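Beneath this line is the structure, given in structure tokens, with notes to follow.
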Amino acid sequence: MKRKNRVAGVLALVAGTALLATGCSGSGGSDGSGDGKVSMTFWHNSTTGPGAAFWKTTVADFEKANPNVTIKIQAVQNEDLDGKLQTALNSGDAPDIFLQRGGGKMAAMADAGQLLDITDSISDATKAVVNDGAFKGESYNGKVYAMPVDVLPEGIYYSQDLFKAAGITTPPKTMDELNAAVVKLKATGVAPVAVGAKDAWPAAHWYYNFALRQCSEKTLNKAAADLKFDDPCWAKAGDDLAAFNDTKPFNDGFLTTAAQQGAGSSAGLVANHKAAMELMGAWDPGVIASLTPDQKPLPDLGWFPFPTISGGKGDPASMMGGIDGFSCSAKAPKKECTDFLNYITTKDVQEAYYKAFNAIPVNKDAQSIITEPYLKSVLEAYNKAPFVSQYLDTMLGQNVGNAMNTGVVDLLAGKGDADGIIKAVNEAAAKG
């Protein structure tokens, strides 16, 4: 999950899970029959399990309440969605409704006239239950271009049983403590940390978090605005990652491991107690749950914030986060599309969303239903965070973000270093 906004800054992390919605509709939403009926297309990334069932039910319920509207659903694998969406947008055959993570990618879509401005279509009922900060995460130049759906603060999810078996009594708070935990976990025969570097972005999130610790809030926001990475903190973050990689903390074959597909993915390794930890956003519990043997939430799942480091300029309580929302394409029927977006923020739908995805809903009233200790820990840390940065590839836009992700994987593969990451992002920024 990722994407970004020149409006980088503090993100009121109330966003959505790894769901992606969008669908191609050459008719611009109307079926052309002249009878007042409207057809819209909707893509999401929940291809199996409770997530896919949630969207089928949600769409069916909306259609029942709005008999003039038909919504055609297409589920697209998460790692394929961004590319397919960009192709559809550029070809003029965009879906009517689709996932939006904000950041530089959303800004580019807005500048290209590919999105509906939904600012004046957000209902008073929605505004009453969704924090202003969430809308800011889906805004550009003062206009709202997507409806946020859930909260996605990042941190490290872990197996409490595997920690206990390794003699680890409390979650690591510092990098020294995390390194000590890696040694203890290795001694028990499990992979200390799972990472799906095949998909690039999961590995890059380690670099993002080291940058969050090394760089000040001002520096991160400056980079989002001017795409310049001349502050020494960026290279220090790469050196931190290289040093951590040298401890061999990751699962065997992590460079060819997928993030969220199957028992052998990084989430699957945690789900099946083959690995003890995974750094990921708040959608991870739902993904892990879908990959356990009984496809139920992992009973011993825990969570802790990314550890602190010595000498960094970032506030040790700051967090990475992301906002997933849904946009209407520029050609979508505005009333029907925005009616659907308002509908998915209602309390009943948001409670069902939480149950399906095991993720924190954006609706403040629906958050009272949360029972899992790890999700409560995420919310507590988020509410205390002085700064929440968007995921860097989201914040920096597609070209620069992808260059950063590739540079990080090269470092982990022994084909690059910290300076290589900086060179890659600067070259991508120069190309525009």
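Simple scheme: letters A, B, ... for chains in structure tokens order, numbers from 1 for residues in each chain, numbers from 1 for ligands in the order shown.
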Next on the checklist: DSSP on the backbone, helix (DSSP H, G or I) only: what residues of region 170-334 of chain A does that give? Format it as a PyMOL selection string.
Outcome noted: chain A and resi 175-187+197-199+201-214+217-226+232-245+254-256+266-271+284-291+334
Checklist entry - Any idea what's packed within 9 Å of region 337-353 of chain A, counting only C-alpha atoms, ignoring anything in its chain fewer than 6 positions away? Could you give it as a PyMOL selection string? => result chain A and resi 29+40+51+54-55+58-59+62+96-97+118+121-123+125-126+129-130+146-150+326-328+359-367+369-370
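Distances here use only C-alpha atoms; by that measure, the residue among A:Ile422, A:Ala259, A:Leu227, A:Ala356 closest to Gln77 (chain A) is A:Ala259.
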Can you tell me, as a tab-separated table (two decimals) with all heavy atoms, in the first residue's frame, what residues are no more than 7 Å from Ala200 (chain A) when counting only C-alpha atoms, ignoring any on the same chain fewer than 5 positions away?
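Saved the output as result-v1.tsv:
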```tsv
chain	number	residue	atom	x	y	z
A	405	ASN	N	11.84	2.74	-3.81
A	405	ASN	CA	11.59	1.34	-3.49
A	405	ASN	C	12.61	0.43	-4.15
A	405	ASN	O	13.13	-0.51	-3.52
A	405	ASN	CB	10.18	0.95	-3.93
A	405	ASN	CG	9.10	1.63	-3.13
A	405	ASN	OD1	9.37	2.30	-2.14
A	405	ASN	ND2	7.86	1.48	-3.55
A	406	THR	N	12.90	0.69	-5.41
A	406	THR	CA	13.88	-0.13	-6.13
A	406	THR	C	15.27	0.02	-5.53
A	406	THR	O	16.01	-0.96	-5.38
A	406	THR	CB	13.91	0.28	-7.62
A	406	THR	OG1	12.62	0.06	-8.19
A	406	THR	CG2	14.94	-0.54	-8.38
A	409	VAL	N	15.51	-2.11	-2.35
A	409	VAL	CA	15.67	-3.53	-2.64
A	409	VAL	C	17.08	-3.83	-3.14
A	409	VAL	O	17.68	-4.85	-2.78
A	409	VAL	CB	14.61	-4.00	-3.66
A	409	VAL	CG1	14.86	-5.45	-4.08
A	409	VAL	CG2	13.21	-3.89	-3.07
```
Item to check | Close residues, Gly253 (chain A) itself excluded, 10 Å, only C-alpha atoms, min 6 positions apart in chain, as a PyMOL selection string | outcome: chain A and resi 194-198
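CA of Ala282 (chain A) is found 4.5 Å from CA of Leu152 (chain A).
We find CA of Glu217 (chain A) and CA of Glu427 (chain A) to be spaced 23.3 Å apart.
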Checklist entry - Which value, in Å to one decimal, gives the distance between CA of Ser377 (chain A) and CA of Ile323 (chain A)? => result 18.4 Å
Please return as a PDB file with N, CA, C and O atoms, in the first residue's frame: the residues of region 29-176 of chain A that backbone DSSP assigns to strand (DSSP E).
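out.pdb, written as the output of this step:
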```pdb
ATOM      1  N   VAL A  38     -28.567   4.125 -13.917  1.00  0.00           N
ATOM      2  CA  VAL A  38     -27.142   4.445 -13.944  1.00  0.00           C
ATOM      3  C   VAL A  38     -26.338   3.191 -13.640  1.00  0.00           C
ATOM      4  O   VAL A  38     -26.655   2.446 -12.705  1.00  0.00           O
ATOM      5  N   SER A  39     -25.303   2.965 -14.416  1.00  0.00           N
ATOM      6  CA  SER A  39     -24.402   1.832 -14.186  1.00  0.00           C
ATOM      7  C   SER A  39     -23.005   2.365 -13.901  1.00  0.00           C
ATOM      8  O   SER A  39     -22.495   3.219 -14.640  1.00  0.00           O
ATOM      9  N   MET A  40     -22.399   1.888 -12.813  1.00  0.00           N
ATOM     10  CA  MET A  40     -21.041   2.302 -12.463  1.00  0.00           C
ATOM     11  C   MET A  40     -20.160   1.061 -12.288  1.00  0.00           C
ATOM     12  O   MET A  40     -20.647  -0.019 -11.976  1.00  0.00           O
ATOM     13  N   THR A  41     -18.864   1.253 -12.485  1.00  0.00           N
ATOM     14  CA  THR A  41     -17.900   0.166 -12.285  1.00  0.00           C
ATOM     15  C   THR A  41     -17.061   0.454 -11.054  1.00  0.00           C
ATOM     16  O   THR A  41     -16.752   1.606 -10.741  1.00  0.00           O
ATOM     17  N   PHE A  42     -16.669  -0.609 -10.383  1.00  0.00           N
ATOM     18  CA  PHE A  42     -15.999  -0.495  -9.086  1.00  0.00           C
ATOM     19  C   PHE A  42     -14.919  -1.568  -8.986  1.00  0.00           C
ATOM     20  O   PHE A  42     -15.208  -2.754  -9.077  1.00  0.00           O
ATOM     21  N   TRP A  43     -13.668  -1.129  -8.834  1.00  0.00           N
ATOM     22  CA  TRP A  43     -12.554  -2.075  -8.650  1.00  0.00           C
ATOM     23  C   TRP A  43     -12.135  -2.036  -7.191  1.00  0.00           C
ATOM     24  O   TRP A  43     -12.017  -0.966  -6.595  1.00  0.00           O
ATOM     25  N   HIS A  44     -11.846  -3.189  -6.646  1.00  0.00           N
ATOM     26  CA  HIS A  44     -11.233  -3.254  -5.320  1.00  0.00           C
ATOM     27  C   HIS A  44     -10.198  -4.362  -5.310  1.00  0.00           C
ATOM     28  O   HIS A  44     -10.128  -5.165  -6.235  1.00  0.00           O
ATOM     29  N   VAL A  69     -29.590   2.332  -9.638  1.00  0.00           N
ATOM     30  CA  VAL A  69     -28.136   2.223  -9.754  1.00  0.00           C
ATOM     31  C   VAL A  69     -27.696   0.764  -9.799  1.00  0.00           C
ATOM     32  O   VAL A  69     -28.141  -0.062  -8.998  1.00  0.00           O
ATOM     33  N   THR A  70     -26.808   0.468 -10.730  1.00  0.00           N
ATOM     34  CA  THR A  70     -26.149  -0.835 -10.795  1.00  0.00           C
ATOM     35  C   THR A  70     -24.645  -0.614 -10.711  1.00  0.00           C
ATOM     36  O   THR A  70     -24.100   0.251 -11.415  1.00  0.00           O
ATOM     37  N   ILE A  71     -23.986  -1.370  -9.841  1.00  0.00           N
ATOM     38  CA  ILE A  71     -22.531  -1.248  -9.687  1.00  0.00           C
ATOM     39  C   ILE A  71     -21.888  -2.582 -10.059  1.00  0.00           C
ATOM     40  O   ILE A  71     -22.186  -3.610  -9.460  1.00  0.00           O
ATOM     41  N   LYS A  72     -21.038  -2.543 -11.041  1.00  0.00           N
ATOM     42  CA  LYS A  72     -20.334  -3.742 -11.499  1.00  0.00           C
ATOM     43  C   LYS A  72     -18.982  -3.829 -10.799  1.00  0.00           C
ATOM     44  O   LYS A  72     -18.147  -2.935 -10.942  1.00  0.00           O
ATOM     45  N   ILE A  73     -18.791  -4.914 -10.057  1.00  0.00           N
ATOM     46  CA  ILE A  73     -17.583  -5.077  -9.245  1.00  0.00           C
ATOM     47  C   ILE A  73     -16.504  -5.827 -10.008  1.00  0.00           C
ATOM     48  O   ILE A  73     -16.775  -6.818 -10.681  1.00  0.00           O
ATOM     49  N   GLN A  74     -15.267  -5.349  -9.873  1.00  0.00           N
ATOM     50  CA  GLN A  74     -14.113  -6.090 -10.373  1.00  0.00           C
ATOM     51  C   GLN A  74     -13.039  -6.094  -9.293  1.00  0.00           C
ATOM     52  O   GLN A  74     -12.584  -5.033  -8.859  1.00  0.00           O
ATOM     53  N   ALA A  75     -12.667  -7.276  -8.842  1.00  0.00           N
ATOM     54  CA  ALA A  75     -11.606  -7.406  -7.842  1.00  0.00           C
ATOM     55  C   ALA A  75     -10.268  -7.571  -8.555  1.00  0.00           C
ATOM     56  O   ALA A  75     -10.133  -8.412  -9.446  1.00  0.00           O
ATOM     57  N   ILE A  97     -15.399   4.216  -9.844  1.00  0.00           N
ATOM     58  CA  ILE A  97     -15.030   4.276  -8.429  1.00  0.00           C
ATOM     59  C   ILE A  97     -13.749   3.476  -8.252  1.00  0.00           C
ATOM     60  O   ILE A  97     -13.658   2.345  -8.731  1.00  0.00           O
ATOM     61  N   PHE A  98     -12.775   4.048  -7.563  1.00  0.00           N
ATOM     62  CA  PHE A  98     -11.522   3.302  -7.384  1.00  0.00           C
ATOM     63  C   PHE A  98     -10.772   3.773  -6.145  1.00  0.00           C
ATOM     64  O   PHE A  98     -10.978   4.871  -5.637  1.00  0.00           O
ATOM     65  N   LEU A  99      -9.896   2.899  -5.674  1.00  0.00           N
ATOM     66  CA  LEU A  99      -9.105   3.178  -4.485  1.00  0.00           C
ATOM     67  C   LEU A  99      -8.194   4.372  -4.696  1.00  0.00           C
ATOM     68  O   LEU A  99      -7.604   4.523  -5.754  1.00  0.00           O
ATOM     69  N   GLN A 100      -8.066   5.179  -3.669  1.00  0.00           N
ATOM     70  CA  GLN A 100      -7.213   6.361  -3.739  1.00  0.00           C
ATOM     71  C   GLN A 100      -6.427   6.468  -2.450  1.00  0.00           C
ATOM     72  O   GLN A 100      -6.999   6.498  -1.367  1.00  0.00           O
ATOM     73  N   SER A 139      -6.926  15.285   0.219  1.00  0.00           N
ATOM     74  CA  SER A 139      -7.154  16.599  -0.382  1.00  0.00           C
ATOM     75  C   SER A 139      -5.930  17.074  -1.157  1.00  0.00           C
ATOM     76  O   SER A 139      -4.795  16.655  -0.893  1.00  0.00           O
ATOM     77  N   TYR A 140      -6.187  17.967  -2.092  1.00  0.00           N
ATOM     78  CA  TYR A 140      -5.126  18.566  -2.897  1.00  0.00           C
ATOM     79  C   TYR A 140      -5.593  19.955  -3.310  1.00  0.00           C
ATOM     80  O   TYR A 140      -6.712  20.125  -3.808  1.00  0.00           O
ATOM     81  N   LYS A 143      -9.078  20.953  -2.125  1.00  0.00           N
ATOM     82  CA  LYS A 143     -10.250  20.211  -2.588  1.00  0.00           C
ATOM     83  C   LYS A 143     -10.114  18.737  -2.218  1.00  0.00           C
ATOM     84  O   LYS A 143      -9.021  18.184  -2.276  1.00  0.00           O
ATOM     85  N   VAL A 144     -11.246  18.131  -1.860  1.00  0.00           N
ATOM     86  CA  VAL A 144     -11.253  16.721  -1.485  1.00  0.00           C
ATOM     87  C   VAL A 144     -11.538  15.874  -2.725  1.00  0.00           C
ATOM     88  O   VAL A 144     -12.529  16.096  -3.431  1.00  0.00           O
ATOM     89  N   MET A 147     -12.931   9.758  -0.633  1.00  0.00           N
ATOM     90  CA  MET A 147     -13.560   9.513   0.655  1.00  0.00           C
ATOM     91  C   MET A 147     -12.700   8.527   1.445  1.00  0.00           C
ATOM     92  O   MET A 147     -12.492   7.394   1.023  1.00  0.00           O
ATOM     93  N   PRO A 148     -12.163   8.938   2.608  1.00  0.00           N
ATOM     94  CA  PRO A 148     -11.359   8.007   3.405  1.00  0.00           C
ATOM     95  C   PRO A 148     -12.218   6.886   3.971  1.00  0.00           C
ATOM     96  O   PRO A 148     -13.410   7.075   4.221  1.00  0.00           O
ATOM     97  N   VAL A 149     -11.589   5.706   4.165  1.00  0.00           N
ATOM     98  CA  VAL A 149     -12.373   4.580   4.674  1.00  0.00           C
ATOM     99  C   VAL A 149     -11.839   3.928   5.946  1.00  0.00           C
ATOM    100  O   VAL A 149     -12.603   3.348   6.693  1.00  0.00           O
ATOM    101  N   ASP A 150     -10.522   3.974   6.191  1.00  0.00           N
ATOM    102  CA  ASP A 150     -10.055   3.419   7.455  1.00  0.00           C
ATOM    103  C   ASP A 150      -8.706   3.970   7.871  1.00  0.00           C
ATOM    104  O   ASP A 150      -8.078   4.721   7.152  1.00  0.00           O
ATOM    105  N   VAL A 151      -8.286   3.626   9.074  1.00  0.00           N
ATOM    106  CA  VAL A 151      -7.057   4.155   9.662  1.00  0.00           C
ATOM    107  C   VAL A 151      -5.937   3.137   9.510  1.00  0.00           C
ATOM    108  O   VAL A 151      -6.095   1.998   9.917  1.00  0.00           O
ATOM    109  N   LEU A 152      -4.777   3.567   8.954  1.00  0.00           N
ATOM    110  CA  LEU A 152      -3.698   2.626   8.668  1.00  0.00           C
ATOM    111  C   LEU A 152      -2.343   3.039   9.241  1.00  0.00           C
ATOM    112  O   LEU A 152      -1.359   3.139   8.518  1.00  0.00           O
ATOM    113  N   PRO A 153      -2.241   3.258  10.549  1.00  0.00           N
ATOM    114  CA  PRO A 153      -0.920   3.520  11.118  1.00  0.00           C
ATOM    115  C   PRO A 153      -0.047   2.274  10.970  1.00  0.00           C
ATOM    116  O   PRO A 153      -0.549   1.155  10.949  1.00  0.00           O
ATOM    117  N   GLY A 155       3.376  -0.193  12.008  1.00  0.00           N
ATOM    118  CA  GLY A 155       4.193  -0.660  13.118  1.00  0.00           C
ATOM    119  C   GLY A 155       4.553  -2.111  12.867  1.00  0.00           C
ATOM    120  O   GLY A 155       4.406  -2.621  11.758  1.00  0.00           O
ATOM    121  N   ILE A 156       5.033  -2.775  13.894  1.00  0.00           N
ATOM    122  CA  ILE A 156       5.484  -4.164  13.752  1.00  0.00           C
ATOM    123  C   ILE A 156       4.486  -5.101  14.416  1.00  0.00           C
ATOM    124  O   ILE A 156       4.249  -5.035  15.625  1.00  0.00           O
ATOM    125  N   TYR A 157       3.893  -5.966  13.609  1.00  0.00           N
ATOM    126  CA  TYR A 157       2.997  -7.014  14.122  1.00  0.00           C
ATOM    127  C   TYR A 157       3.850  -8.234  14.453  1.00  0.00           C
ATOM    128  O   TYR A 157       4.793  -8.555  13.722  1.00  0.00           O
ATOM    129  N   TYR A 158       3.495  -8.912  15.540  1.00  0.00           N
ATOM    130  CA  TYR A 158       4.349 -10.021  15.968  1.00  0.00           C
ATOM    131  C   TYR A 158       3.544 -11.122  16.645  1.00  0.00           C
ATOM    132  O   TYR A 158       2.423 -10.908  17.119  1.00  0.00           O
ATOM    133  N   SER A 159       4.143 -12.297  16.693  1.00  0.00           N
ATOM    134  CA  SER A 159       3.541 -13.439  17.368  1.00  0.00           C
ATOM    135  C   SER A 159       3.984 -13.440  18.827  1.00  0.00           C
ATOM    136  O   SER A 159       5.176 -13.606  19.125  1.00  0.00           O
TER     137      SER A 159
END
```
Next on the checklist: Which residues are close to Pro172 (chain A), i.e. within 10 Å by only C-alpha atoms, leaving aside same-chain residues fewer than 6 positions away? Reply as a PyMOL selection string.
Outcome noted: chain A and resi 156+178-181+304-308
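Each of A:Val76, A:Met404, A:Leu81, A:Met175 was compared to Ala203 (chain A) using only C-alpha atoms, and A:Met404 turns out to be the nearest.
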Would you give me, as CSV, each residue of region 374-418 of chain A having an atom within 12 Å of an atom of region 235-248 of chain A, along with its shortest atom pair and that distance in Å to one decimal, using only C-alpha atoms and sorting by chain and residue number?
```
residue,atom,partner,partner_atom,distance
A:Met404,CA,A:Gly238,CA,10.8
A:Asn405,CA,A:Gly238,CA,11.8
A:Gly407,CA,A:Gly238,CA,9.7
A:Val408,CA,A:Gly238,CA,7.9
A:Val409,CA,A:Leu241,CA,10.7
A:Asp410,CA,A:Ala242,CA,10.8
A:Leu411,CA,A:Ala242,CA,7.1
A:Leu412,CA,A:Asn245,CA,6.6
A:Ala413,CA,A:Asn245,CA,9.5
A:Gly414,CA,A:Ala242,CA,9.2
A:Lys415,CA,A:Ala242,CA,11.6
A:Gly416,CA,A:Ala242,CA,9.8
A:Asp417,CA,A:Gly238,CA,7.1
A:Ala418,CA,A:Gly238,CA,4.3
```
